[in-house]
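> For reference, the structure I am asking about is given below.
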Amino acid sequence: MDIPRMGVPEKLADRMSMAEQHEYLRSRFSRRRALRMGAVTVGAVAVGGALGGTAFAAPATPGLLAAGATAGIDGSMVAPIGRHLAFGAEPDTQFRISWQVPAPVKRPFLRFGKHPWSLGHKVQAEVRALHTPALTPTGTPVDQYYLHVSLDDLDPDTTYYYGVGHDGFDPASQQAISTLSTFHTAPSRHWRRGRPYAPFTFTAFGDQGVSSHAAGNDHVILAQKPAFHLHAGDICYADPMGQGQDSDKVAYNARTWDAFLAQTETVASKIPWMVSYGNHDMEAWYSHNGYGGENARFYLPENGPDPRKAPGVYAFKYGNVGVVSLDANDVSYEIPANLGLTAGKQTRWLDRKLRELRADDGIDFIVVFFHHCAFSTTHQHASEGGVREAWVPLFEKYRVDLVINGHNHVYERTDAILGNKVSRAVPSGETIEPAKDGIVYVTAGAAGRSLYNFDYPDTYEGHEHRVDEVKTFHFAKGGVKVDETVQWSRVRYTGYSFIKVDVTPAHPGRKSSMKVTALAEDGTRIDHYTILRKAGDCWDDEDGDGRRPRG
Ligand SMILES: [Fe+2]
Ligand SMILES: [Fe+2]
């Protein structure tokens with residue numbers, strides 16, 4: 001395979017982490033060469049961590065987006081595209097609104113208000129210009145312009161109308177009023193005893209890409225009216241190689257992100273679209289950790305252990321549910337480009353975060369989502385031993401209620417597991433209590449990219465073909481495949497699908513429920529089960545032994 005001259009030689013790249021590749025490239029390519037290559041957008045300022053000689057994610061001063069390049073461009077000829085929302089760290093008061101413009105514009109902004117005819121609040125947008133130079137001898141440079149607004153003082157449980165624009169394009173004008181959209185803040189964090197939160201729904205999947213199946217899933221998701229959506233990584237496959245190596249650039253197409261954000265806008269312009277990062281989301285040519293491009297496109301909560309190194313690690317609370325996003329690239333033995341990225345910091349943070357959530361009497365359920373599977377049996381990736389070693393003991397210690405993964409392009413659901421063994425059989429339709437039964441793991445990686453296969457027959461609601469044992473494998477240190485025979489593979493479905501979770505909070509002392517339903521892309525139910533937990537039952541763990549006190 002030909003490697004572009006500006007990259008890391010293939011032999012070296014195989015032995016180097018992404019951070020090492022960054023250092024190598026930085027030492028070889030001077031800032032002067034970067035300028036010769038046209039890597040700095042006029043009016044934009046390269047920031048620390050940008051990779052000299054390859055590509056830049058650079059913030060520009062609002063109002064000066066590519067200032068030199070705007071001369072002669074009429075803003076009325078350019079419409080905003082690819083709107084996508086995210087919660088801030090406090091979803092009851094904080095929203096992040098992001099979008100893209102296909103060409104440089106002047107003074108991008110957002111208008112918002114509580115009525116479509118009253119968009120009095122106008123906020124200037126932050127510009128994150130992303131320059132991708134020609135990555136192959138026959139490639140062409142690409143400039144993309146992402147815009148972001150953070151809103152931090154919103155009213156809880158409130159619908160807001162918003163529109164985005166720039167000089168020459170005002171969403172409040174009659175010509176552009178059809179581009180308005182809405183978002184809804186989470187209920188107030190002030191837990192009022194005797195008054196449970198209202199029921200709500202959220203959805204999740206991973207491994208989406210751009211396809212008719214991906215769009216089909218989006219449309220069925222929209223019909224569920226979720227309060228938020230979780231995307232468990234491998235977001236768009238602009239990098240189809242997915243090794244996190246600089247050599248991935250031979251197949252990289254920055255424009256795939258444009259198609260993805262356009263496809264996703266149908267849902268993501270209305271519903272917070274919370275991503276975690278998978279192996280295909282490490283783009284080595286933008287920054288030392290591979291996330292420089294993601295930082296330009298997404299605006300995630302910055303409350304993780306190290307938002308600079310691992311921006312996909314964060315947590316938020318919605319009603320009685322605490323949600324944690326992790327970066328499994330940090331612990332993956334299978335694809336080790338970012339293995340050890342946080343040097344254990346993420347895992348220590350997870351321990352603290354789960355303890356904090358369990359000690360919060362406003363939180364009943366803990367949901368954790370990330371890319372690589374702790375427990376799956378597909379022919380392709382099966383299970384990630386790095387996740388089992390680093391995080392599964394913590395999931396069990398705090399009895400996490402739901403773990404959602406992608407990476408394997410199928411739907412697969414386990415029985416309840418403790419200590420790597422079935423702790424309770426959970427056929428479709430069952431009800432479990434993780435506090436005493438153990439943890440069920442869901443792989444929902446069939447969002448649209450492609451489908452993998454199992455070595456055993458599919459078995460799902462109405463089509464049960466139960467086998468007692470499945471021969472499979474997990475990845476161990478050094479990427480070694482270790483064979484194993486498991487009993488926990490309860491539901492297997494080879495088809496495009498996602499999960500929806502209906503949360504019904506209860507009065508304190510009663511049992512809150514989360515009903516997990518897997519839906520095929522046409523809306524057919526393929527699996528469901530229910531999770532119960534006593535509302536307001538916080539856990540202080542005063543003796544620090546990880547066990548719930550008796551009585
Ligand atoms: Fe994938
Ligand atoms: Fe993956």
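Residues in the structure tokens are numbered from 1 in each chain, the chains being A, B, ... in the order shown, and ligands are numbered from 1 in the order shown.
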Please identify all polymer residues within 6 Å of range 396-412 of chain A, counting only C-alpha atoms, omitting same-chain residues fewer than 5 positions from it, and present them as a count of residues only.

26

> With only C-alpha atoms as the counted atoms, please give the residues lying no more than 12 Å from Tyr456 in chain A, apart from itself and same-chain residues fewer than 4 positions off, as a list in words.

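Once the adjacent positions are removed, what remains is Thr377, Thr378, His379, Glu412, His465, Arg466, Val467, Asp468, Glu469, Val470, Lys471, Thr472, Ser489, Arg490, Val491, Arg492, Tyr493 and Thr494 of chain A.
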
> Out of A:Trp539, A:Phe475, A:Trp273, A:Phe112, which residue has the shortest atom-to-atom distance to Phe205 in chain A when counting only C-alpha atoms?

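Answer, going by the shortest atom-to-atom distance: A:Trp273.
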
> Could you pull out the residues sitting within 6 Å of ligand 2, using only C-alpha atoms and all ligand atoms, and write them as a ChimeraX atom specification?

/A:234,278-279,407

> Hey, which bits of range 275-357 of chain A sit within 10 Å of range 501-519 of chain A, and for each residue what's the closest pair of atoms and how far apart in Å (one decimal), counting only C-alpha atoms, rows by chain and increasing number, as JSON lines?


{"residue": "A:Gly319", "atom": "CA", "partner": "A:Pro505", "partner_atom": "CA", "distance": 8.2}
{"residue": "A:Asn320", "atom": "CA", "partner": "A:Pro505", "partner_atom": "CA", "distance": 6.6}
{"residue": "A:Val321", "atom": "CA", "partner": "A:Val503", "partner_atom": "CA", "distance": 8.4}

> Selection from above, C-alpha atoms, as a PDB file, in the first residue's frame, can you write it?


ATOM      1  CA  GLY A 319     -34.373  12.938  35.192  1.00  0.00           C
ATOM      2  CA  ASN A 320     -33.640   9.861  37.295  1.00  0.00           C
ATOM      3  CA  VAL A 321     -30.998   8.497  34.871  1.00  0.00           C
TER       4      VAL A 321
END

> Using CA of Leu326 in chain A and CA of Tyr314 in chain A as the two end points, give the distance in Å to one decimal.

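So the two atoms, CA of Leu326 in chain A and CA of Tyr314 in chain A, lie 7.0 Å apart.
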
> Contacts of range 75-87 of chain A at 9 Å or less, counting only C-alpha atoms, minus same-chain residues fewer than 5 places along, as a PyMOL selection string?

chain A and resi 92-106+164-170+183+185+228+258-275+298-301+316

> Just asking: which residues within range 249-328 of chain A are helix (DSSP H, G or I) according to DSSP, as JSON, numbers by chain?

{"A": [249, 250, 251, 255, 256, 257, 258, 259, 260, 261, 262, 263, 264, 265, 266, 267, 268, 279, 280, 281, 292, 293, 294, 295, 296, 297, 328]}

> Could you write out the selected residues, including N, CA and C atoms, as a PDB file, in the first residue's frame?


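In the end it all went to again27.pdb:
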ATOM      1  N   LYS A 249      -5.053   7.334   6.298  1.00  0.00           N
ATOM      2  CA  LYS A 249      -5.386   8.499   5.467  1.00  0.00           C
ATOM      3  C   LYS A 249      -5.537   8.163   3.985  1.00  0.00           C
ATOM      4  N   VAL A 250      -4.983   7.049   3.548  1.00  0.00           N
ATOM      5  CA  VAL A 250      -5.075   6.711   2.123  1.00  0.00           C
ATOM      6  C   VAL A 250      -6.529   6.538   1.684  1.00  0.00           C
ATOM      7  N   ALA A 251      -7.414   6.206   2.643  1.00  0.00           N
ATOM      8  CA  ALA A 251      -8.817   5.976   2.278  1.00  0.00           C
ATOM      9  C   ALA A 251      -9.754   7.044   2.841  1.00  0.00           C
ATOM     10  N   ARG A 255     -15.232  14.672   3.165  1.00  0.00           N
ATOM     11  CA  ARG A 255     -16.589  15.047   2.724  1.00  0.00           C
ATOM     12  C   ARG A 255     -17.668  14.065   3.199  1.00  0.00           C
ATOM     13  N   THR A 256     -17.262  12.861   3.605  1.00  0.00           N
ATOM     14  CA  THR A 256     -18.246  11.925   4.150  1.00  0.00           C
ATOM     15  C   THR A 256     -18.927  12.533   5.377  1.00  0.00           C
ATOM     16  N   TRP A 257     -18.176  13.366   6.123  1.00  0.00           N
ATOM     17  CA  TRP A 257     -18.777  14.028   7.289  1.00  0.00           C
ATOM     18  C   TRP A 257     -19.921  14.960   6.863  1.00  0.00           C
ATOM     19  N   ASP A 258     -19.761  15.642   5.718  1.00  0.00           N
ATOM     20  CA  ASP A 258     -20.840  16.523   5.235  1.00  0.00           C
ATOM     21  C   ASP A 258     -22.109  15.706   4.975  1.00  0.00           C
ATOM     22  N   ALA A 259     -21.915  14.559   4.295  1.00  0.00           N
ATOM     23  CA  ALA A 259     -23.072  13.707   3.986  1.00  0.00           C
ATOM     24  C   ALA A 259     -23.688  13.171   5.272  1.00  0.00           C
ATOM     25  N   PHE A 260     -22.848  12.821   6.232  1.00  0.00           N
ATOM     26  CA  PHE A 260     -23.360  12.285   7.491  1.00  0.00           C
ATOM     27  C   PHE A 260     -24.183  13.327   8.250  1.00  0.00           C
ATOM     28  N   LEU A 261     -23.632  14.530   8.380  1.00  0.00           N
ATOM     29  CA  LEU A 261     -24.355  15.553   9.146  1.00  0.00           C
ATOM     30  C   LEU A 261     -25.648  15.957   8.448  1.00  0.00           C
ATOM     31  N   ALA A 262     -25.647  15.924   7.106  1.00  0.00           N
ATOM     32  CA  ALA A 262     -26.886  16.209   6.374  1.00  0.00           C
ATOM     33  C   ALA A 262     -27.915  15.106   6.636  1.00  0.00           C
ATOM     34  N   GLN A 263     -27.472  13.854   6.604  1.00  0.00           N
ATOM     35  CA  GLN A 263     -28.369  12.728   6.866  1.00  0.00           C
ATOM     36  C   GLN A 263     -28.952  12.806   8.279  1.00  0.00           C
ATOM     37  N   THR A 264     -28.108  13.174   9.227  1.00  0.00           N
ATOM     38  CA  THR A 264     -28.470  13.136  10.638  1.00  0.00           C
ATOM     39  C   THR A 264     -29.314  14.322  11.069  1.00  0.00           C
ATOM     40  N   GLU A 265     -29.265  15.385  10.301  1.00  0.00           N
ATOM     41  CA  GLU A 265     -29.936  16.626  10.687  1.00  0.00           C
ATOM     42  C   GLU A 265     -31.422  16.422  10.979  1.00  0.00           C
ATOM     43  N   THR A 266     -32.042  15.497  10.261  1.00  0.00           N
ATOM     44  CA  THR A 266     -33.473  15.223  10.455  1.00  0.00           C
ATOM     45  C   THR A 266     -33.791  15.009  11.938  1.00  0.00           C
ATOM     46  N   VAL A 267     -32.933  14.268  12.606  1.00  0.00           N
ATOM     47  CA  VAL A 267     -33.146  13.974  14.026  1.00  0.00           C
ATOM     48  C   VAL A 267     -32.342  14.927  14.913  1.00  0.00           C
ATOM     49  N   ALA A 268     -31.062  15.092  14.561  1.00  0.00           N
ATOM     50  CA  ALA A 268     -30.127  15.769  15.467  1.00  0.00           C
ATOM     51  C   ALA A 268     -30.370  17.272  15.572  1.00  0.00           C
ATOM     52  N   ASN A 279     -13.329   3.264  17.032  1.00  0.00           N
ATOM     53  CA  ASN A 279     -12.037   3.159  16.343  1.00  0.00           C
ATOM     54  C   ASN A 279     -12.033   3.924  15.020  1.00  0.00           C
ATOM     55  N   HIS A 280     -13.189   4.022  14.344  1.00  0.00           N
ATOM     56  CA  HIS A 280     -13.223   4.767  13.073  1.00  0.00           C
ATOM     57  C   HIS A 280     -13.281   6.277  13.291  1.00  0.00           C
ATOM     58  N   ASP A 281     -13.333   6.700  14.541  1.00  0.00           N
ATOM     59  CA  ASP A 281     -13.398   8.141  14.830  1.00  0.00           C
ATOM     60  C   ASP A 281     -12.044   8.724  15.225  1.00  0.00           C
ATOM     61  N   GLY A 292      -8.891  15.628  16.837  1.00  0.00           N
ATOM     62  CA  GLY A 292      -8.909  17.039  16.440  1.00  0.00           C
ATOM     63  C   GLY A 292     -10.069  17.366  15.517  1.00  0.00           C
ATOM     64  N   GLY A 293     -10.364  16.457  14.594  1.00  0.00           N
ATOM     65  CA  GLY A 293     -11.503  16.657  13.695  1.00  0.00           C
ATOM     66  C   GLY A 293     -12.817  16.604  14.452  1.00  0.00           C
ATOM     67  N   GLU A 294     -12.931  15.648  15.392  1.00  0.00           N
ATOM     68  CA  GLU A 294     -14.168  15.522  16.179  1.00  0.00           C
ATOM     69  C   GLU A 294     -14.399  16.787  17.013  1.00  0.00           C
ATOM     70  N   ASN A 295     -13.306  17.345  17.542  1.00  0.00           N
ATOM     71  CA  ASN A 295     -13.440  18.567  18.347  1.00  0.00           C
ATOM     72  C   ASN A 295     -13.974  19.728  17.515  1.00  0.00           C
ATOM     73  N   ALA A 296     -13.655  19.737  16.216  1.00  0.00           N
ATOM     74  CA  ALA A 296     -14.185  20.787  15.353  1.00  0.00           C
ATOM     75  C   ALA A 296     -15.673  20.565  15.089  1.00  0.00           C
ATOM     76  N   ARG A 297     -16.099  19.300  14.981  1.00  0.00           N
ATOM     77  CA  ARG A 297     -17.478  18.996  14.558  1.00  0.00           C
ATOM     78  C   ARG A 297     -18.465  18.939  15.716  1.00  0.00           C
ATOM     79  N   ALA A 328     -13.479   3.843  24.722  1.00  0.00           N
ATOM     80  CA  ALA A 328     -12.902   2.501  24.806  1.00  0.00           C
ATOM     81  C   ALA A 328     -11.625   2.362  23.980  1.00  0.00           C
TER      82      ALA A 328
END

> Which residues, written as a list in words, have at least one atom at most 7 Å from Ile417 in chain A, with only C-alpha atoms counted and residues fewer than 2 positions away on the same chain left out?

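These residues fall inside the cut-off: Asp415, Gly419, Asn420, Lys421, Val422, Ser423, Gly438, Ile439 and Val440 of chain A.
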
> May I have the residues from that selection written out with N, CA and C atoms, as a PDB file, in the first residue's frame?


ATOM      1  N   ASP A 415     -27.539 -12.485  28.804  1.00  0.00           N
ATOM      2  CA  ASP A 415     -28.222 -12.705  30.076  1.00  0.00           C
ATOM      3  C   ASP A 415     -27.591 -11.765  31.095  1.00  0.00           C
ATOM      4  N   GLY A 419     -19.109 -11.682  37.270  1.00  0.00           N
ATOM      5  CA  GLY A 419     -17.902 -12.503  37.281  1.00  0.00           C
ATOM      6  C   GLY A 419     -17.721 -13.312  36.009  1.00  0.00           C
ATOM      7  N   ASN A 420     -18.090 -12.720  34.859  1.00  0.00           N
ATOM      8  CA  ASN A 420     -17.895 -13.362  33.551  1.00  0.00           C
ATOM      9  C   ASN A 420     -18.779 -14.595  33.350  1.00  0.00           C
ATOM     10  N   LYS A 421     -19.769 -14.765  34.221  1.00  0.00           N
ATOM     11  CA  LYS A 421     -20.669 -15.929  34.094  1.00  0.00           C
ATOM     12  C   LYS A 421     -22.127 -15.466  34.179  1.00  0.00           C
ATOM     13  N   VAL A 422     -23.018 -16.305  33.658  1.00  0.00           N
ATOM     14  CA  VAL A 422     -24.443 -15.979  33.752  1.00  0.00           C
ATOM     15  C   VAL A 422     -24.863 -15.994  35.219  1.00  0.00           C
ATOM     16  N   SER A 423     -25.387 -14.859  35.678  1.00  0.00           N
ATOM     17  CA  SER A 423     -25.890 -14.806  37.059  1.00  0.00           C
ATOM     18  C   SER A 423     -27.403 -15.005  37.083  1.00  0.00           C
ATOM     19  N   GLY A 438     -27.576  -8.931  38.530  1.00  0.00           N
ATOM     20  CA  GLY A 438     -26.399  -8.763  37.678  1.00  0.00           C
ATOM     21  C   GLY A 438     -26.690  -7.830  36.514  1.00  0.00           C
ATOM     22  N   ILE A 439     -25.752  -7.765  35.597  1.00  0.00           N
ATOM     23  CA  ILE A 439     -25.794  -6.730  34.541  1.00  0.00           C
ATOM     24  C   ILE A 439     -26.004  -7.348  33.165  1.00  0.00           C
ATOM     25  N   VAL A 440     -26.936  -6.773  32.416  1.00  0.00           N
ATOM     26  CA  VAL A 440     -27.184  -7.181  31.032  1.00  0.00           C
ATOM     27  C   VAL A 440     -26.436  -6.219  30.100  1.00  0.00           C
TER      28      VAL A 440
END

> Name the closest residue to ligand 1 among the candidates A:Ala359, A:Met241, A:Leu110, A:Leu147; distances are taken between atoms, counting only C-alpha atoms and all ligand atoms.

A:Met241
